[in-house]
Amino acid sequence: MQTSPGTTPRAAMLGGATVRIGELAGHGRPSEDRVVTTADAVIVLDGVSTVTDNQPRGGWYADTLGQAIAELLCREPGMDLRQVLAAAIRSVASGHELVPGSSPASTVAVVRRRADRIEAAVLGDSPVVAIGRDGTMHAVRDDRLARLVDAQSPAQEYRDLLHAGHGFGDRHRQILQELRDFQGSVVNRPDGYWIAEAVPEAGLNAVTASWPASDLAEVVIATDGIAAGVEEYGLYSWQELARACREDGPHAVADAIARAEHQDPAGQRWPRYKVSDDKALVWWPLTSSETPGSERVSK
């Protein structure tokens with residue numbers, strides 16, 4: 001199996017197809033996004049840091065959980081993806097004595113080819129987008145947290161402050177802490193949202209989908225730093241992003257989104273949590289007509 005992080009384009013072989021991977025760190029710190037591949041699956045994780053530094057951080061957790069998921073996928077290739085996630089979360093939590101509520105956490109998106117089907121499971125805001133041979137888009141996303149946060153008044157306040165030109169200042173950081181505290185009150189519960197942390201039940205609540213492999217042309221798996229380029233900034237549609245991955249490579253796409261963010265350093269045009277988020281993007285072609293792009297890849 002292969003893992004990341006990295007800052008240069010790379011590739012992995014899955015079932016005879018060349019899966020291409022692009023990654024960029026966000027603003028001012030190492031990336032906590034991770035990509036892990038096996039012979040039949042791709043796992044994309046976005047580690048969430050704890051507030052204090054005396055606990056393992058999000059990048060460590062994403063690394064550890066990603067490897068646990070990959071090992072289970074190899075050992076139990078027929079296991080339901082939700083069961084895989086639950087078992088991996090349980091293994092990491094017990095092996096490292098992680099405590100619910102004070103553990104680091106991570107989003108997870110898993111895409112697996114099993115026989116003649118493509119299966120996906122998503123936990124948190126790292127979407128999977130499958131593009132059909134007929135051009136139709138099939139998005140697998142988990143927006144439970146986004147709906148809860150958007151209903152909170154601080155969420156609108158930070159957007160208004162950024163729009164007004166106040167930038168990523170003290171009040172912005174205070175609002176984010178208020179939203180983080182709110183998230184902690186609703187995490188991993190039926191009336192809240194689910195995330196990979198130290199509660200195995202979260203894995204059983206992943207959003208899932210499955211398609212005949214013959215119906216799909218390509219699959220894109222992204223962390224929210226990439227998804228923002230589509231769903232918040234409007235730089236691409238998902239179909240356009242998939243085409244850009246095919247023609248220029250996912251690393252070039254990640255770089256284009258980062259450049260757009262750096263042209264809006266105060267968040268006035270696109271109010272957001274941080275100047276530039278970590279980015280991980282995977283493009284998986286499912287046809288024999290892959291068109292090589294100009295991007296150099298390293299393995």
# chains A, B, ... in the order shown; residues from 1 in each chain; ligands from 1
$ select_by_dssp --residues "segment 17-187 of chain A" --states "strand (DSSP E or B)" --output "number ranges by chain"
A: 17-24, 33-37, 41-48, 105-114, 117-123, 128-132, 137-140, 187
$ write_last_selection --atoms "C-alpha atoms" --output "PDB file, in the first residue's frame"
ATOM      1  CA  ALA A  17      -5.571   1.889 -14.045  1.00  0.00           C
ATOM      2  CA  THR A  18      -3.232   4.727 -13.153  1.00  0.00           C
ATOM      3  CA  VAL A  19      -4.726   6.650 -10.252  1.00  0.00           C
ATOM      4  CA  ARG A  20      -3.294  10.169 -10.088  1.00  0.00           C
ATOM      5  CA  ILE A  21      -2.941  12.090  -6.823  1.00  0.00           C
ATOM      6  CA  GLY A  22      -2.436  15.769  -6.083  1.00  0.00           C
ATOM      7  CA  GLU A  23      -1.698  17.234  -2.646  1.00  0.00           C
ATOM      8  CA  LEU A  24      -0.902  20.671  -1.237  1.00  0.00           C
ATOM      9  CA  ASP A  33      -4.725  15.464   4.578  1.00  0.00           C
ATOM     10  CA  ARG A  34      -3.693  11.918   3.704  1.00  0.00           C
ATOM     11  CA  VAL A  35      -4.158   9.555   0.745  1.00  0.00           C
ATOM     12  CA  VAL A  36      -3.662   5.797   1.160  1.00  0.00           C
ATOM     13  CA  THR A  37      -4.011   3.289  -1.666  1.00  0.00           C
ATOM     14  CA  ALA A  41      -9.084   0.942  -3.077  1.00  0.00           C
ATOM     15  CA  VAL A  42      -8.327   4.575  -2.357  1.00  0.00           C
ATOM     16  CA  ILE A  43      -8.700   6.113   1.107  1.00  0.00           C
ATOM     17  CA  VAL A  44      -8.694   9.900   1.502  1.00  0.00           C
ATOM     18  CA  LEU A  45      -8.599  11.421   4.983  1.00  0.00           C
ATOM     19  CA  ASP A  46      -8.619  14.971   6.340  1.00  0.00           C
ATOM     20  CA  GLY A  47      -7.250  15.039   9.866  1.00  0.00           C
ATOM     21  CA  VAL A  48      -8.857  17.455  12.320  1.00  0.00           C
ATOM     22  CA  ALA A 105     -10.546  13.088  14.427  1.00  0.00           C
ATOM     23  CA  SER A 106     -10.640  12.772  10.669  1.00  0.00           C
ATOM     24  CA  THR A 107     -12.984  12.724   7.740  1.00  0.00           C
ATOM     25  CA  VAL A 108     -12.779   9.546   5.631  1.00  0.00           C
ATOM     26  CA  ALA A 109     -13.701   8.784   2.038  1.00  0.00           C
ATOM     27  CA  VAL A 110     -13.150   5.230   0.789  1.00  0.00           C
ATOM     28  CA  VAL A 111     -13.655   4.053  -2.783  1.00  0.00           C
ATOM     29  CA  ARG A 112     -13.196   0.374  -3.569  1.00  0.00           C
ATOM     30  CA  ARG A 113     -13.529  -1.761  -6.653  1.00  0.00           C
ATOM     31  CA  ARG A 114     -15.060  -5.123  -5.743  1.00  0.00           C
ATOM     32  CA  ARG A 117     -18.893  -2.715  -8.815  1.00  0.00           C
ATOM     33  CA  ILE A 118     -17.461   0.515  -7.442  1.00  0.00           C
ATOM     34  CA  GLU A 119     -18.349   1.116  -3.790  1.00  0.00           C
ATOM     35  CA  ALA A 120     -17.951   4.337  -1.797  1.00  0.00           C
ATOM     36  CA  ALA A 121     -18.309   5.330   1.844  1.00  0.00           C
ATOM     37  CA  VAL A 122     -17.995   8.897   3.162  1.00  0.00           C
ATOM     38  CA  LEU A 123     -17.754  10.107   6.736  1.00  0.00           C
ATOM     39  CA  VAL A 128     -16.684  11.249  -3.677  1.00  0.00           C
ATOM     40  CA  VAL A 129     -17.897  12.212  -7.143  1.00  0.00           C
ATOM     41  CA  ALA A 130     -18.427   9.536  -9.782  1.00  0.00           C
ATOM     42  CA  ILE A 131     -18.797  10.627 -13.418  1.00  0.00           C
ATOM     43  CA  GLY A 132     -20.818   8.298 -15.619  1.00  0.00           C
ATOM     44  CA  MET A 137     -22.564  13.132 -11.980  1.00  0.00           C
ATOM     45  CA  HIS A 138     -23.130  11.010  -8.872  1.00  0.00           C
ATOM     46  CA  ALA A 139     -22.014  12.782  -5.691  1.00  0.00           C
ATOM     47  CA  VAL A 140     -21.595  11.045  -2.356  1.00  0.00           C
ATOM     48  CA  VAL A 187     -20.369  14.988  17.552  1.00  0.00           C
TER      49      VAL A 187
END
$ closest_residue --among "A:Gln83, A:Thr38, A:Gln156, A:Ser31" --to "Glu201 of chain A" --atoms "only C-alpha atoms"
A:Gln83
$ residues_around --residues "Val275 of chain A" --least-positions-apart "3" --cutoff "7 Å" --atoms "only C-alpha atoms" --output "number ranges by chain"
A: 27, 261, 265, 267
$ closest_residue --among "A:Cys74, A:Pro100, A:Ala254, A:Val230" --to "Asp278 of chain A" --atoms "only C-alpha atoms"
A:Ala254
$ select_by_dssp --residues "segment 106-239 of chain A" --states "helix (DSSP H, G or I)" --output "number ranges by chain"
A: 144-150, 153-163, 170-186, 201-204, 213-215, 224-231, 238-239
$ closest_residue --among "A:Tyr236, A:Ala115, A:Pro200, A:Ala164" --to "Ala88 of chain A" --atoms "only C-alpha atoms"
A:Pro200
$ atom_distance --atom1 "atom CA of Val99 of chain A" --atom2 "atom CA of Gly66 of chain A"
18.7 Å
$ atom_distance --atom1 "atom CA of Val219 of chain A" --atom2 "atom CA of Gly58 of chain A"
25.6 Å
